[in-house]
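S.K.: You'll find structure10.txt just under this line, and it carries compact mmCIF, C-alpha atoms.
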# COMPACT_ATOMS: atom_id res chain seq x y z
CA MET N 779 105.28 120.08 118.40
CA ARG N 780 107.19 117.10 117.07
CA THR N 781 105.16 114.27 115.60
CA ALA N 782 104.56 111.20 117.76
CA VAL N 783 105.57 108.14 115.79
CA THR N 784 105.44 104.34 115.88
CA ILE N 785 108.22 102.42 114.13
CA ILE N 786 106.73 99.18 112.76
CA VAL N 787 109.25 96.41 112.11
CA PRO N 788 107.94 93.13 110.62
CA THR N 789 110.43 90.35 111.32
CA PHE N 790 111.09 86.80 110.23
CA ASN N 791 114.19 85.22 111.76
CA GLU N 792 116.10 88.47 112.36
CA ARG N 793 117.48 87.63 115.82
CA GLU N 794 121.03 88.62 114.86
CA ASN N 795 119.97 92.06 113.63
CA ILE N 796 117.34 93.19 116.12
CA ALA N 797 119.61 94.59 118.87
CA GLU N 798 121.52 96.86 116.49
CA LEU N 799 118.31 97.89 114.74
CA ILE N 800 116.62 98.95 117.98
CA ALA N 801 119.74 100.77 119.22
CA ARG N 802 120.15 102.74 116.00
CA ALA N 803 116.43 103.53 115.73
CA ALA N 804 116.33 104.72 119.33
CA ALA N 805 119.31 106.99 118.71
CA ALA N 806 117.65 108.43 115.60
CA LEU N 807 114.46 109.13 117.60
CA THR N 808 116.12 110.91 120.54
CA GLY N 809 113.86 113.65 121.89
CA ARG N 810 110.73 112.34 120.16
CA ASP N 811 107.56 110.74 121.48
CA ALA N 812 108.15 107.37 119.82
CA GLU N 813 107.79 103.62 120.19
CA ILE N 814 109.07 100.59 118.31
CA LEU N 815 106.55 97.88 117.50
CA VAL N 816 107.95 94.56 116.24
CA VAL N 817 105.47 92.20 114.56
CA ASP N 818 107.15 88.83 114.54
CA ASP N 819 106.58 85.70 112.42
CA SER N 820 109.91 84.06 113.24
CA THR N 821 110.76 80.44 113.79
CA ASP N 822 113.80 81.45 115.86
CA ASP N 823 113.97 83.48 119.10
CA THR N 824 113.60 86.93 117.52
CA ALA N 825 110.67 87.79 119.82
CA GLY N 826 112.69 86.83 122.91
CA GLU N 827 115.61 88.94 121.71
CA VAL N 828 113.29 91.92 121.26
CA GLU N 829 112.06 91.55 124.85
CA ARG N 830 115.64 91.29 126.13
CA VAL N 831 116.85 94.37 124.25
CA SER N 832 113.77 96.44 125.13
CA VAL N 833 114.84 96.70 128.79
CA GLY N 834 117.56 99.24 128.09
CA ALA N 835 116.31 100.63 124.80
CA GLY N 836 115.51 104.15 126.02
CA LEU N 837 112.05 104.15 124.43
CA PRO N 838 109.04 101.83 124.55
CA VAL N 839 109.55 98.62 122.57
CA ARG N 840 106.72 96.12 122.06
CA VAL N 841 106.55 92.82 120.23
CA ILE N 842 103.48 91.08 118.80
CA ARG N 843 104.04 87.40 118.07
CA ARG N 844 101.64 86.29 115.34
CA PRO N 845 100.34 82.72 115.65
CA GLU N 846 99.85 82.53 111.86
CA ASN N 847 101.77 84.24 109.05
CA THR N 848 98.62 85.63 107.42
CA GLY N 849 99.34 87.86 104.41
CA GLY N 850 103.11 87.54 104.78
CA LEU N 851 105.14 90.65 105.56
CA GLY N 852 102.31 92.85 104.30
CA GLY N 853 99.92 91.23 106.75
CA ALA N 854 102.36 91.90 109.59
CA VAL N 855 102.55 95.57 108.63
CA ALA N 856 98.76 95.84 108.43
CA LEU N 857 98.51 94.41 111.95
CA GLY N 858 101.17 96.85 113.13
CA LEU N 859 99.27 99.79 111.63
CA SER N 860 96.13 98.77 113.50
CA GLU N 861 97.97 98.23 116.83
CA ALA N 862 100.30 101.26 116.72
CA ALA N 863 100.10 103.82 119.52
CA GLY N 864 100.69 106.70 117.13
CA ASP N 865 98.86 107.63 113.94
CA VAL N 866 102.11 108.42 112.14
CA CYS N 867 103.92 105.15 111.44
CA VAL N 868 107.28 104.37 109.90
CA VAL N 869 107.52 100.91 108.32
CA MET N 870 110.95 99.35 107.87
CA ASP N 871 112.51 95.91 107.52
CA GLY N 872 114.38 94.22 110.34
CA ASP N 873 117.44 93.22 108.30
CA LEU N 874 119.32 96.56 108.57
CA GLN N 875 119.15 97.17 104.82
CA HIS N 876 116.94 100.16 105.66
CA PRO N 877 119.11 102.68 107.55
CA PRO N 878 117.33 103.84 110.75
CA GLU N 879 119.28 107.11 110.54
CA LEU N 880 116.92 108.12 107.71
CA ILE N 881 113.87 108.19 110.01
CA PRO N 882 114.31 111.86 111.04
CA GLN N 883 114.41 112.87 107.38
CA LEU N 884 111.15 111.00 106.71
CA LEU N 885 109.54 112.77 109.67
CA SER N 886 110.92 116.16 108.71
CA ARG N 887 109.46 115.86 105.21
CA PHE N 888 106.09 114.73 106.59
CA GLU N 889 105.96 117.64 109.04
CA GLN N 890 105.89 120.06 106.11
CA GLY N 891 102.19 119.12 106.06
CA ASP N 892 101.52 118.53 102.36
CA VAL N 893 101.82 114.73 102.10
CA ASP N 894 100.38 111.57 103.65
CA ILE N 895 103.23 109.19 102.80
CA VAL N 896 106.98 109.73 102.64
CA ALA N 897 108.81 106.85 100.96
CA ALA N 898 112.53 106.08 101.07
CA SER N 899 113.42 105.47 97.42
CA ARG N 900 116.37 103.62 95.96
CA TYR N 901 115.81 105.23 92.56
CA VAL N 902 115.24 108.93 93.23
CA GLY N 903 118.23 111.27 92.89
CA GLY N 904 120.81 110.44 95.54
CA GLY N 905 119.39 106.97 96.18
CA ASP N 906 121.43 103.80 95.88
CA SER N 907 120.30 100.22 95.18
CA ARG N 908 123.65 98.45 95.51
CA GLY N 909 122.31 96.54 98.50
CA LEU N 910 120.30 94.42 96.07
CA GLY N 911 123.57 92.64 95.36
CA THR N 912 123.62 90.89 91.99
CA ALA N 913 122.86 92.40 88.61
CA MET N 914 120.08 89.83 88.27
CA ARG N 915 118.31 91.07 91.42
CA PHE N 916 118.72 94.69 90.30
CA GLY N 917 117.28 93.87 86.88
CA VAL N 918 114.33 91.99 88.38
CA SER N 919 113.68 94.89 90.77
CA ARG N 920 113.70 97.50 87.98
CA ALA N 921 111.55 95.39 85.66
CA ALA N 922 109.01 94.83 88.45
CA THR N 923 108.96 98.57 89.16
CA TRP N 924 108.35 99.44 85.50
CA LEU N 925 105.58 96.86 85.21
CA THR N 926 103.93 98.11 88.39
CA LYS N 927 104.06 101.76 87.33
CA ALA N 928 102.63 100.81 83.94
CA MET N 929 99.66 99.13 85.60
CA PHE N 930 99.03 102.14 87.89
CA PRO N 931 100.27 105.08 85.78
CA ARG N 932 98.24 107.70 87.64
CA ARG N 933 98.40 106.58 91.26
CA LEU N 934 102.11 105.77 91.01
CA ALA N 935 103.06 108.79 88.90
CA ALA N 936 104.82 110.46 91.87
CA SER N 937 106.54 107.27 93.06
CA THR N 938 109.88 106.08 91.72
CA ASP N 939 110.05 103.09 94.08
CA PRO N 940 106.51 101.86 94.84
CA MET N 941 107.83 98.57 96.19
CA THR N 942 110.16 99.99 98.82
CA GLY N 943 109.63 98.55 102.28
CA PHE N 944 110.79 101.72 104.08
CA PHE N 945 108.20 104.47 104.32
CA LEU N 946 106.23 106.76 106.64
CA VAL N 947 102.44 106.79 106.48
CA ASP N 948 99.69 108.68 108.26
CA ARG N 949 97.31 105.83 109.02
CA ARG N 950 94.37 108.26 109.39
CA ARG N 951 94.44 108.58 105.60
CA LEU N 952 94.07 104.82 105.08
CA ASP N 953 91.13 102.44 104.99
CA LEU N 954 92.86 99.81 107.12
CA PRO N 955 90.02 97.24 106.95
CA GLY N 956 90.03 97.60 103.17
CA LEU N 957 93.68 96.59 102.78
CA ARG N 958 94.27 93.05 101.55
CA PRO N 959 98.06 92.66 101.79
CA GLN N 960 99.74 89.70 100.17
CA GLY N 961 103.48 89.16 100.32
CA PHE N 962 106.19 91.82 100.59
CA LYS N 963 104.75 94.83 98.77
CA ILE N 964 102.55 96.58 101.33
CA LEU N 965 103.31 100.10 100.02
CA LEU N 966 102.01 99.08 96.59
CA GLU N 967 98.81 97.86 98.27
CA ILE N 968 98.42 101.19 100.09
CA LEU N 969 99.10 103.36 97.05
CA ALA N 970 96.80 101.30 94.81
CA ARG N 971 93.87 101.30 97.22
CA SER N 972 94.18 104.77 98.77
CA ASP N 973 93.98 108.30 97.41
CA VAL N 974 97.09 109.64 99.15
CA ARG N 975 99.75 112.26 98.52
CA ILE N 976 103.31 110.92 98.42
CA ALA N 977 106.79 112.41 98.61
CA GLU N 978 110.14 110.65 98.48
CA VAL N 979 113.57 110.96 100.03
CA PRO N 980 116.65 109.18 98.66
CA MET N 981 117.82 106.02 100.43
CA GLU N 982 121.10 104.13 100.27
CA PHE N 983 119.91 100.54 100.37
CA SER N 984 122.45 98.69 102.50
CA GLU N 985 123.79 95.17 102.07
CA ARG N 986 122.45 92.45 104.35
CA ARG N 987 124.99 91.47 107.01
CA ASN N 988 123.22 88.69 108.93
CA GLY N 989 120.65 86.10 107.94
CA THR N 990 119.43 85.32 104.46
CA SER N 991 117.23 87.16 101.98
CA LYS N 992 113.54 86.22 101.98
CA ALA N 993 113.23 86.82 98.22
CA SER N 994 112.34 83.65 96.30
CA LEU N 995 110.51 82.40 93.24
CA ARG N 996 107.50 81.83 95.47
CA GLN N 997 107.57 85.47 96.58
CA GLY N 998 107.87 86.51 92.93
CA ALA N 999 104.79 84.47 92.06
CA THR N 1000 102.96 86.01 95.03
CA PHE N 1001 103.89 89.49 93.78
CA ILE N 1002 102.58 88.78 90.28
CA ALA N 1003 99.33 87.42 91.71
CA HIS N 1004 98.97 90.45 93.98
CA LEU N 1005 99.66 92.87 91.15
CA THR N 1006 97.08 91.14 88.96
CA ARG N 1007 94.53 91.23 91.76
CA LEU N 1008 95.12 94.93 92.36
CA ARG N 1009 95.07 96.18 88.78
CA PHE N 1010 93.36 93.74 86.50
CA GLY N 1011 90.94 96.34 85.19
CA LYS N 1012 93.02 98.57 82.87
CA MET N 1013 95.28 95.81 81.68
CA SER N 1014 92.34 93.54 80.92
CA LEU N 1015 90.77 96.23 78.72
CA PHE N 1016 94.07 96.67 76.91
CA ALA N 1017 94.27 92.90 76.48
CA LEU N 1018 90.69 92.75 75.20
CA ILE N 1019 91.37 95.37 72.55
CA GLY N 1020 94.65 93.66 71.73
CA GLY N 1021 92.73 90.41 71.35
CA ILE N 1022 90.23 92.05 69.00
CA GLY N 1023 93.16 93.45 67.00
CA ALA N 1024 94.85 90.06 66.92
CA VAL N 1025 91.69 88.39 65.60
CA ALA N 1026 91.33 91.13 62.99
CA ASN N 1027 95.00 90.75 62.06
CA LEU N 1028 94.65 86.98 61.63
CA ALA N 1029 91.43 87.41 59.64
CA ILE N 1030 93.06 89.90 57.28
CA MET N 1031 96.03 87.58 56.84
CA TRP N 1032 93.79 84.61 56.14
CA VAL N 1033 91.75 86.50 53.55
CA LEU N 1034 94.81 87.91 51.79
CA THR N 1035 96.79 84.65 51.77
CA THR N 1036 93.69 82.81 50.52
CA MET N 1037 93.58 85.30 47.65
CA GLY N 1038 97.17 84.34 46.81
CA MET N 1039 99.12 87.17 48.45
CA PRO N 1040 102.50 86.16 49.99
CA TYR N 1041 102.14 85.80 53.76
CA ILE N 1042 104.80 88.44 54.50
CA TRP N 1043 102.84 91.14 52.65
CA ALA N 1044 99.61 89.90 54.20
CA ALA N 1045 101.18 90.20 57.66
CA ILE N 1046 102.36 93.75 56.96
CA ILE N 1047 98.93 94.90 55.79
CA GLY N 1048 97.19 93.18 58.70
CA ALA N 1049 99.59 94.81 61.15
CA GLU N 1050 99.09 98.34 59.76
CA VAL N 1051 95.31 98.10 59.80
CA THR N 1052 95.17 96.78 63.36
CA ILE N 1053 97.78 99.26 64.66
CA VAL N 1054 95.56 102.16 63.63
CA GLY N 1055 92.37 100.49 64.82
CA ASN N 1056 93.84 99.53 68.18
CA PHE N 1057 95.04 103.08 68.81
CA PHE N 1058 91.57 104.60 68.50
CA LEU N 1059 89.97 101.87 70.62
CA GLN N 1060 92.62 102.35 73.33
CA GLU N 1061 92.11 106.11 73.21
CA ARG N 1062 88.41 105.70 73.86
CA PHE N 1063 88.20 102.77 76.25
CA VAL N 1064 91.56 102.20 78.00
CA PHE N 1065 93.45 105.46 78.44
CA GLY N 1066 90.59 107.95 78.23
CA ASP N 1067 91.13 109.07 81.85
CA MET N 1068 94.79 109.88 81.09
CA ARG N 1069 94.27 111.94 77.93
CA PRO N 1070 93.71 115.35 79.60
CA GLU N 1071 97.20 115.31 81.13
CA ALA N 1072 98.96 113.59 78.20
CA ARG N 1073 100.36 115.07 75.02
CA THR N 1074 98.23 116.01 72.02
CA VAL N 1075 96.35 113.32 70.14
CA GLY N 1076 98.70 113.78 67.18
CA ALA N 1077 101.76 113.21 69.33
CA ARG N 1078 100.13 110.19 70.95
CA PHE N 1079 99.23 108.70 67.59
CA ALA N 1080 102.74 109.31 66.22
CA ALA N 1081 104.37 107.69 69.25
CA SER N 1082 102.00 104.73 69.22
CA PHE N 1083 102.21 104.25 65.45
CA THR N 1084 106.02 104.46 65.43
CA PHE N 1085 106.47 102.05 68.34
CA ASN N 1086 104.04 99.50 66.93
CA ASN N 1087 105.67 99.62 63.51
CA VAL N 1088 109.13 99.16 65.01
CA GLU N 1089 107.73 96.29 67.06
CA ALA N 1090 106.10 94.81 63.95
CA ALA N 1091 109.33 95.26 61.98
CA LEU N 1092 111.07 93.15 64.60
CA ARG N 1093 108.21 90.73 65.12
CA ILE N 1094 107.48 89.84 61.50
CA PRO N 1095 111.03 88.57 60.70
CA ILE N 1096 110.86 86.47 63.86
CA MET N 1097 107.50 85.15 62.72
CA ALA N 1098 108.98 84.35 59.30
CA LEU N 1099 111.88 82.52 60.97
CA MET N 1100 109.39 80.45 62.98
CA VAL N 1101 107.53 79.54 59.80
CA GLU N 1102 110.66 78.61 57.86
CA THR N 1103 112.48 76.87 60.72
CA TRP N 1104 109.68 75.18 62.63
CA HIS N 1105 107.46 74.69 59.54
CA ILE N 1106 104.35 75.86 61.38
CA SER N 1107 101.39 77.76 59.99
CA SER N 1108 102.03 81.45 59.34
CA VAL N 1109 98.77 82.27 61.13
CA LEU N 1110 99.86 80.32 64.23
CA ALA N 1111 103.31 81.94 64.19
CA THR N 1112 101.69 85.38 64.02
CA GLY N 1113 99.41 84.55 66.93
CA LEU N 1114 102.33 83.46 69.12
CA SER N 1115 104.36 86.57 68.31
CA LEU N 1116 101.39 88.84 69.08
CA ILE N 1117 101.07 87.38 72.59
CA VAL N 1118 104.70 88.24 73.34
CA ALA N 1119 104.30 91.72 71.85
CA PHE N 1120 101.28 92.51 74.05
CA PHE N 1121 103.33 93.13 77.20
CA ALA N 1122 105.81 95.42 75.43
CA ARG N 1123 102.96 97.46 73.96
CA PHE N 1124 101.17 97.85 77.28
CA LEU N 1125 104.31 99.04 79.06
CA PHE N 1126 105.13 101.56 76.34
CA HIS N 1127 101.65 103.05 76.12
CA SER N 1128 101.16 103.34 79.88
CA LEU N 1129 104.59 104.77 80.67
CA PHE N 1130 105.26 106.90 77.60
CA VAL N 1131 102.39 107.53 75.20
CA TYR N 1132 99.94 108.62 77.93
CA ALA N 1133 102.46 109.94 80.47
CA PRO N 1134 101.60 113.41 81.88
CA ARG N 1135 103.20 116.23 79.94
CA ARG N 1136 106.34 117.62 81.51
CA GLY N 1137 106.23 121.22 82.62
CA ARG N 1138 102.47 121.36 82.72
CA SER N 1139 101.40 124.00 85.22
CA ARG N 1140 99.26 123.16 88.21
CA ALA N 1141 96.73 125.71 87.07
CA ASP N 1142 96.36 123.93 83.73
CA ALA N 1143 95.98 120.58 85.50
CA ALA N 1144 93.36 121.99 87.86
CA SER N 1145 91.48 123.59 84.97
CA ALA N 1146 91.48 120.31 83.05
CA ALA N 1147 90.26 118.47 86.13
CA HIS N 1148 87.19 120.73 86.33
CA GLU N 1149 86.33 120.59 82.65
CA PRO N 1150 83.15 118.63 81.97
CA LYS N 1151 83.87 115.24 80.42
CA PRO N 1152 81.54 113.24 78.18
CA ASP N 1153 79.86 110.37 80.01
CA THR N 1154 78.68 107.69 77.62
CA ALA N 1155 77.01 104.40 78.44
CA ALA N 1156 80.14 102.54 77.36
CA GLN N 1157 82.30 104.60 79.71
CA ARG N 1158 79.92 103.97 82.62
CA ILE N 1159 80.10 100.21 81.98
CA ILE N 1160 83.90 100.34 81.81
CA ARG N 1161 84.09 102.34 85.07
CA ALA N 1162 81.85 99.78 86.74
CA ILE N 1163 84.08 96.92 85.54
CA ASP N 1164 87.20 98.76 86.69
CA ALA N 1165 85.68 99.54 90.10
CA GLU N 1166 84.71 95.92 90.55
CA ALA N 1167 88.23 94.79 89.67
CA MET N 1168 89.62 97.13 92.34
CA ARG N 1169 87.46 95.72 95.16
CA PRO N 1170 89.50 94.07 97.93
CA GLY N 1171 89.69 90.31 97.63
CA GLU N 1172 88.33 90.17 94.09
CA LEU N 1173 90.27 86.94 93.40
Before anything else, please render the file you have as structure tokens.
M.R.:
Amino acid sequence: MRTAVTIIVPTFNERENIAELIARAAAALTGRDAEILVVDDSTDDTAGEVERVSVGAGLPVRVIRRPENTGGLGGAVALGLSEAAGDVCVVMDGDLQHPPELIPQLLSRFEQGDVDIVAASRYVGGGDSRGLGTAMRFGVSRAATWLTKAMFPRRLAASTDPMTGFFLVDRRRLDLPGLRPQGFKILLEILARSDVRIAEVPMEFSERRNGTSKASLRQGATFIAHLTRLRFGKMSLFALIGGIGAVANLAIMWVLTTMGMPYIWAAIIGAEVTIVGNFFLQERFVFGDMRPEARTVGARFAASFTFNNVEAALRIPIMALMVETWHISSVLATGLSLIVAFFARFLFHSLFVYAPRRGRSRADAASAAHEPKPDTAAQRIIRAIDAEAMRPGEL
């Protein structure tokens, strides 16, 4: 039996693209029990064009016209998931940058029966992101992907493109009322809030032919706010320990410079002491859940110590330049440089230091998962804080 499927297409002023999209999707779905569901927020006549084209489409085509653009594109997808006729849904944009001809491949991979989501990735082998256009947009996209994976290193470990808008999902595996979509990145919302299995197929991301891109600074700000809302727990603990280390660093510098030591040497000593201290605090309170699948503690310490020293070697001359050029306090200059360094440290530790070991067997992973783990009062408090941060609508 072939899987019945609903194609969900959120649209905003895509009148010029909708006829070709429906025709190509219908051709890709020949012989399947399928429907196309357009959820429209347009200010043009996209909904009317959908109704016109649906007459000769060859498969059922419905359109839901939303009176309010609640939750942006993600909100439109969430509504489509709740209103779909089929439990298996394919989400794709209406601008033809997502090739409808890839739908059978998404379905074929899902029908193997071992995953809940199949995502079309621009960054997996064989994928292509040239449709992003400019080098600036490509760079922003990659940086956002790295930041997102760093904030969800376990749930996004199997995803190379967690912000793709083209994916298949079995809605029976989702808590639809628990989703709180905001902006474009509905797949990120699903992966962050749901315990699902994901596979990927490569996608050639096409160039937009009609209309204009919806990406904007406002959408970027919405994404950052959404990301913070989803994953404030782990990053906040990292920031707290970083803050403790920064205070310790400044205190050591103040004591040593008061005793007459040159501020450069005081900064070096303060950095070395706090690098070691921060590592052990992060091991215990931030990345403790990732240690069983990561490399040995010695390898983690070596990687963390090396990175932080390289970072300090770059940061301290910059701090000295600030002191000599701007004539500000050495303590203030150190504080400013530590704030900038925080983000680089978090990305490195999440994506590299505590990344799962390559080549680890499934049997080893299963064995580690069943090993009893110590459960201290501090860990219970941290889990409670993290769980609270993950509740929908926490901001």
S.K.: Just the residues within 12 Å of N:Val1101, please, counting all atoms listed in the file, with nothing from its chain fewer than 2 positions along; format it as a ChimeraX atom specification.
M.R.: /N:1041-1042,1094-1099,1103-1115
S.K.: Using only C-alpha atoms, which protein or nucleic acid residues come within 10 Å of stretch 1075-1077 of chain N? Drop anything in the same chain fewer than 3 positions from it, and give the result as a PyMOL selection string.
M.R.: chain N and resi 1061+1069+1072+1080-1083+1131-1132
S.K.: Generate a file of the selected residues that holds C-alpha atoms, formatted as a PDB file, in the coordinates of the input.
M.R.:
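The resulting file, out-v9.pdb, is reproduced below:
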ATOM      1  CA  GLU N1061      92.110 106.110  73.210  1.00  0.00           C
ATOM      2  CA  ARG N1069      94.270 111.940  77.930  1.00  0.00           C
ATOM      3  CA  ALA N1072      98.960 113.590  78.200  1.00  0.00           C
ATOM      4  CA  ALA N1080     102.740 109.310  66.220  1.00  0.00           C
ATOM      5  CA  ALA N1081     104.370 107.690  69.250  1.00  0.00           C
ATOM      6  CA  SER N1082     102.000 104.730  69.220  1.00  0.00           C
ATOM      7  CA  PHE N1083     102.210 104.250  65.450  1.00  0.00           C
ATOM      8  CA  VAL N1131     102.390 107.530  75.200  1.00  0.00           C
ATOM      9  CA  TYR N1132      99.940 108.620  77.930  1.00  0.00           C
TER      10      TYR N1132
END
S.K.: So, with all atoms listed in the file as the atoms that count, which of N:Ala863, N:Glu798, N:Glu846, N:Ala806 lies closest to N:Pro882?
M.R.: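 Answer, going by the shortest atom-to-atom distance: N:Ala806.
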S.K.: Of the candidates N:Asp939, N:Asp871, N:Asp953, N:Asp865, which shows the shortest atom-to-atom distance to N:Asp818, using all atoms listed in the file?
M.R.: N:Asp871
S.K.: Of the candidates N:Asn847, N:Thr781, N:Ser1128, N:Thr1074, which shows the shortest atom-to-atom distance to N:Gln1060, using only C-alpha atoms?
M.R.: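 So, comparing all the options, the nearest one is N:Ser1128.
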S.K.: Between N:Val817, N:Leu874, N:Ala977, N:Ala935, which residue has the minimum interatomic distance to N:Gly858, considering all atoms listed in the file?
M.R.: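 Of N:Val817, N:Leu874, N:Ala977, N:Ala935, the one nearest N:Gly858 is N:Val817, counting all atoms listed in the file.
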S.K.: Which residues are near N:Met981? Cut-off 8 Å, only C-alpha atoms, ignore same chain within fewer than 4 positions. Put them as an mmCIF file with C-alpha atoms, keeping the file's coordinate frame.
M.R.:
data_model
loop_
_atom_site.group_PDB
_atom_site.id
_atom_site.type_symbol
_atom_site.label_atom_id
_atom_site.label_comp_id
_atom_site.auth_asym_id
_atom_site.auth_seq_id
_atom_site.Cartn_x
_atom_site.Cartn_y
_atom_site.Cartn_z
ATOM 1 C CA HIS N 876 116.940 100.160 105.660
ATOM 2 C CA PRO N 877 119.110 102.680 107.550
ATOM 3 C CA LEU N 880 116.920 108.120 107.710
ATOM 4 C CA ALA N 898 112.530 106.080 101.070
ATOM 5 C CA SER N 899 113.420 105.470 97.420
ATOM 6 C CA ARG N 900 116.370 103.620 95.960
ATOM 7 C CA GLY N 904 120.810 110.440 95.540
ATOM 8 C CA GLY N 905 119.390 106.970 96.180
ATOM 9 C CA ASP N 906 121.430 103.800 95.880
#
S.K.: Measuring atom to atom with only C-alpha atoms, identify which of N:Ala1133, N:Val787, N:Ala921, N:Ile968 is nearest to N:Leu952.
M.R.: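 Among N:Ala1133, N:Val787, N:Ala921, N:Ile968, it is N:Ile968 that comes nearest to N:Leu952.
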S.K.: Quick one: residues within 10 Å of (99.8, 107.5, 86.0) (file frame), counting all atoms listed in the file, please, as a PyMOL selection string.
M.R.: chain N and resi 927-937+1067-1068+1071-1072+1128-1129+1132-1134
S.K.: Tell me, in Å to one decimal, how far atom CA of N:Pro940 is from atom CA of N:Asn1056.
M.R.: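 Straight-line distance from atom CA of N:Pro940 to atom CA of N:Asn1056 works out to 29.6 Å.
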S.K.: Could you please determine the separation between atom CA of N:Thr808 and atom CA of N:Leu857 in Å, to one decimal place?
M.R.: 25.6 Å
S.K.: Excluding N:Ala1049 and its own-chain neighbours fewer than 4 positions away, which residues fall within 12 Å of it when counting only C-alpha atoms? Please give them as a ChimeraX atom specification.
M.R.: /N:1020,1023-1031,1041-1045,1053-1056,1083,1086-1091,1093-1094,1112-1113,1115-1116
